[in-house]
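Presented below is the structure to which this report refers.
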Amino acid sequence: MSTDAREWRFDAAWLTLLESFGERERLTSLAFVAGQEVTFDEEERNEALRRAVVVRAVGGDPHRDLTLDEDAVTRLAEELDDPQRRAQLETGLAALALPPAAPSGVTGALHALVVSPGLAWRAFCAALLAAELAGE
């Protein structure tokens with residue numbers, strides 16, 4: 001996917017995998033794919049992620065399951081929030097082309113992200129945090 005909003009097509013195996021996920025994992029996975037063209041200043045992003053990891057660690061094991069409304073995610077989402085970035089994420093979501101026979105859980109998750117930009121932004125930031133935690 002690129003900034004010219006080419007469609008992102010899902011193969012059957014990936015759709016099956018997404019459908020096997022819980023709702024939170026579906027939302028974050030779709031938001032992560034849609035957000036590949038969201039641009040950040042690397043230093044700003046890295047500092048915000050470091051602070052989010054610290055907030056998460058204060059609350060217990062930093063590798064526990066992420067939630068979309070926990071302090072670390074909401075603070076990261078607030079810190080990185082920017083109208084241009086949200087627009088880039090919305091463009092990415094619009095470019096996700098699900099086939100007509102896509103599983104209902106995947107279709108529902110994508111619809112939820114499209115109609116709720118705040119949810120989409122938090123899901124994207126949760127995915128960024130999850131990737132950061134996985135890289136430790």
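Ligands are numbered from 1 in the order shown, residues from 1 within each chain, and chains are lettered A, B, ... in the order they appear in the structure tokens.
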>> With only C-alpha atoms as the counted atoms, please give the residues lying no more than 10 Å from A:Leu68, apart from itself and same-chain residues fewer than 2 positions off, as a count of residues only.
In response: 20
> DSSP says strand (DSSP E) for which residues of chain A? Put them as an NGL selection string?
Replying inline: :A and (8-9 or 96-97)
Residues from last step as file, C-alpha atoms, as a PDB file, in the first residue's frame:
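result15.pdb written:
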ATOM      1  CA  TRP A   8      -4.631  -3.666  -0.111  1.00  0.00           C
ATOM      2  CA  ARG A   9      -6.039  -7.085  -0.981  1.00  0.00           C
ATOM      3  CA  LEU A  96      -8.336  -2.085   2.547  1.00  0.00           C
ATOM      4  CA  ALA A  97     -10.280  -4.075  -0.033  1.00  0.00           C
TER       5      ALA A  97
END
>> as a PyMOL selection string, please: the residues near stretch 102-106 of chain A (cut-off 8 Å, only C-alpha atoms, same-chain neighbours under 3 positions excluded).
In response: chain A and resi 15-16+18-19+23+26+98-99+109-110
>> Report as number ranges by chain all protein, DNA and RNA residues lying within 12 Å of A:Asp82, evaluated on only C-alpha atoms, omitting residues in the same chain fewer than 4 positions from it.
In response: A: 38-41, 76-78, 86-89, 118, 121
Find the residues around A:Asn46 up to 12 Å (only C-alpha atoms counted), leave out those fewer than 6 positions away in its own chain, and share them as a PDB file with C-alpha atoms, in the first residue's frame.
ATOM      1  CA  PHE A  40       6.115  10.042  12.064  1.00  0.00           C
ATOM      2  CA  ALA A  52       4.112   4.171  26.833  1.00  0.00           C
ATOM      3  CA  VAL A  53       6.246   1.137  27.736  1.00  0.00           C
ATOM      4  CA  LEU A  76       0.330   7.049  23.289  1.00  0.00           C
ATOM      5  CA  GLU A  79       0.705  12.006  22.298  1.00  0.00           C
ATOM      6  CA  LEU A  80       0.968  10.944  18.651  1.00  0.00           C
ATOM      7  CA  LEU A 128       2.494   0.235  17.457  1.00  0.00           C
ATOM      8  CA  LEU A 129       2.920  -0.468  21.160  1.00  0.00           C
ATOM      9  CA  ALA A 131       5.191  -4.140  17.931  1.00  0.00           C
ATOM     10  CA  GLU A 132       7.484  -2.196  20.252  1.00  0.00           C
TER      11      GLU A 132
END
I need the helix (DSSP H, G or I) residues of stretch 47-103 of chain A per DSSP on the backbone, written as an mmCIF file with N, CA and C atoms, in the first residue's frame.
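Output saved as result-v4.cif:
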data_model
loop_
_atom_site.group_PDB
_atom_site.id
_atom_site.type_symbol
_atom_site.label_atom_id
_atom_site.label_comp_id
_atom_site.auth_asym_id
_atom_site.auth_seq_id
_atom_site.Cartn_x
_atom_site.Cartn_y
_atom_site.Cartn_z
ATOM 1 N N GLU A 47 10.280 8.191 21.311
ATOM 2 C CA GLU A 47 10.144 8.719 22.672
ATOM 3 C C GLU A 47 8.757 8.438 23.231
ATOM 4 N N ALA A 48 7.733 8.613 22.399
ATOM 5 C CA ALA A 48 6.365 8.341 22.842
ATOM 6 C C ALA A 48 6.192 6.861 23.167
ATOM 7 N N LEU A 49 6.775 5.991 22.358
ATOM 8 C CA LEU A 49 6.689 4.554 22.630
ATOM 9 C C LEU A 49 7.435 4.185 23.909
ATOM 10 N N ARG A 50 8.583 4.791 24.137
ATOM 11 C CA ARG A 50 9.327 4.523 25.380
ATOM 12 C C ARG A 50 8.497 4.912 26.603
ATOM 13 N N ARG A 51 7.856 6.079 26.532
ATOM 14 C CA ARG A 51 7.016 6.509 27.650
ATOM 15 C C ARG A 51 5.827 5.568 27.831
ATOM 16 N N ALA A 52 5.250 5.093 26.745
ATOM 17 C CA ALA A 52 4.112 4.171 26.833
ATOM 18 C C ALA A 52 4.539 2.849 27.459
ATOM 19 N N VAL A 53 5.733 2.375 27.135
ATOM 20 C CA VAL A 53 6.246 1.137 27.736
ATOM 21 C C VAL A 53 6.435 1.324 29.240
ATOM 22 N N VAL A 54 6.936 2.491 29.649
ATOM 23 C CA VAL A 54 7.113 2.763 31.080
ATOM 24 C C VAL A 54 5.754 2.785 31.782
ATOM 25 N N VAL A 55 4.782 3.461 31.197
ATOM 26 C CA VAL A 55 3.439 3.503 31.786
ATOM 27 C C VAL A 55 2.889 2.092 31.915
ATOM 28 N N ARG A 56 3.091 1.289 30.899
ATOM 29 C CA ARG A 56 2.609 -0.095 30.917
ATOM 30 C C ARG A 56 3.314 -0.903 31.996
ATOM 31 N N ALA A 57 4.614 -0.717 32.139
ATOM 32 C CA ALA A 57 5.387 -1.462 33.142
ATOM 33 C C ALA A 57 4.961 -1.093 34.555
ATOM 34 N N VAL A 58 4.603 0.160 34.771
ATOM 35 C CA VAL A 58 4.157 0.590 36.092
ATOM 36 C C VAL A 58 2.888 -0.169 36.489
ATOM 37 N N ASP A 71 -4.214 2.830 29.992
ATOM 38 C CA ASP A 71 -3.478 4.094 30.062
ATOM 39 C C ASP A 71 -2.353 4.198 29.037
ATOM 40 N N ALA A 72 -1.569 3.157 28.888
ATOM 41 C CA ALA A 72 -0.423 3.230 27.970
ATOM 42 C C ALA A 72 -0.883 3.497 26.540
ATOM 43 N N VAL A 73 -1.956 2.854 26.127
ATOM 44 C CA VAL A 73 -2.465 3.025 24.758
ATOM 45 C C VAL A 73 -3.101 4.401 24.595
ATOM 46 N N THR A 74 -3.938 4.795 25.532
ATOM 47 C CA THR A 74 -4.605 6.093 25.381
ATOM 48 C C THR A 74 -3.605 7.251 25.446
ATOM 49 N N ARG A 75 -2.605 7.142 26.309
ATOM 50 C CA ARG A 75 -1.586 8.198 26.362
ATOM 51 C C ARG A 75 -0.766 8.253 25.077
ATOM 52 N N LEU A 76 -0.411 7.084 24.551
ATOM 53 C CA LEU A 76 0.330 7.049 23.289
ATOM 54 C C LEU A 76 -0.516 7.650 22.172
ATOM 55 N N ALA A 77 -1.784 7.286 22.135
ATOM 56 C CA ALA A 77 -2.678 7.811 21.099
ATOM 57 C C ALA A 77 -2.796 9.333 21.204
ATOM 58 N N GLU A 78 -2.911 9.848 22.406
ATOM 59 C CA GLU A 78 -2.997 11.303 22.593
ATOM 60 C C GLU A 78 -1.700 11.989 22.192
ATOM 61 N N GLU A 79 -0.591 11.384 22.571
ATOM 62 C CA GLU A 79 0.705 12.006 22.298
ATOM 63 C C GLU A 79 1.030 12.052 20.804
ATOM 64 N N LEU A 80 0.652 11.013 20.076
ATOM 65 C CA LEU A 80 0.968 10.944 18.651
ATOM 66 C C LEU A 80 -0.142 11.503 17.764
ATOM 67 N N PRO A 83 -3.948 15.623 13.081
ATOM 68 C CA PRO A 83 -4.952 15.516 12.019
ATOM 69 C C PRO A 83 -4.416 14.881 10.727
ATOM 70 N N GLN A 84 -3.174 15.201 10.356
ATOM 71 C CA GLN A 84 -2.606 14.630 9.141
ATOM 72 C C GLN A 84 -2.408 13.120 9.297
ATOM 73 N N ARG A 85 -1.954 12.693 10.455
ATOM 74 C CA ARG A 85 -1.758 11.258 10.695
ATOM 75 C C ARG A 85 -3.093 10.518 10.686
ATOM 76 N N ARG A 86 -4.095 11.121 11.322
ATOM 77 C CA ARG A 86 -5.421 10.482 11.300
ATOM 78 C C ARG A 86 -5.941 10.370 9.870
ATOM 79 N N ALA A 87 -5.727 11.406 9.074
ATOM 80 C CA ALA A 87 -6.162 11.363 7.676
ATOM 81 C C ALA A 87 -5.426 10.258 6.917
ATOM 82 N N GLN A 88 -4.135 10.095 7.192
ATOM 83 C CA GLN A 88 -3.374 9.021 6.550
ATOM 84 C C GLN A 88 -3.924 7.655 6.945
ATOM 85 N N LEU A 89 -4.284 7.499 8.219
ATOM 86 C CA LEU A 89 -4.865 6.233 8.668
ATOM 87 C C LEU A 89 -6.221 6.004 8.005
ATOM 88 N N GLU A 90 -7.042 7.024 7.926
ATOM 89 C CA GLU A 90 -8.350 6.893 7.279
ATOM 90 C C GLU A 90 -8.191 6.515 5.807
ATOM 91 N N THR A 91 -7.208 7.112 5.136
ATOM 92 C CA THR A 91 -6.936 6.754 3.741
ATOM 93 C C THR A 91 -6.522 5.286 3.648
ATOM 94 N N GLY A 92 -5.679 4.854 4.581
ATOM 95 C CA GLY A 92 -5.269 3.453 4.600
ATOM 96 C C GLY A 92 -6.431 2.509 4.845
ATOM 97 N N LEU A 93 -7.323 2.880 5.747
ATOM 98 C CA LEU A 93 -8.497 2.042 6.002
ATOM 99 C C LEU A 93 -9.381 1.948 4.759
ATOM 100 N N ALA A 94 -9.547 3.068 4.071
ATOM 101 C CA ALA A 94 -10.368 3.077 2.862
ATOM 102 C C ALA A 94 -9.763 2.208 1.764
#
> So, counting only C-alpha atoms, which residue among A:Val115, A:Gly22, A:Leu17, A:Gln36 is closest to A:Thr67?
Replying inline: A:Gly22
> Taking into account only C-alpha atoms, which residue in the set A:Leu133, A:Thr107, A:Ala95, A:Asp65 is nearest to A:Glu37?
Replying inline: A:Ala95
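The space between atom CA of A:Ala130 and atom CA of A:Asp61 spans 13.2 Å.
Our summary of the geometry notes that atom CA of A:Gly35 is positioned 15.4 Å from atom CA of A:Ala112.
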>> So the first atom is atom CA of A:Ala31 and the second is atom CA of A:Leu113; what is the distance between them in Å, to one decimal place?
In response: 7.6 Å
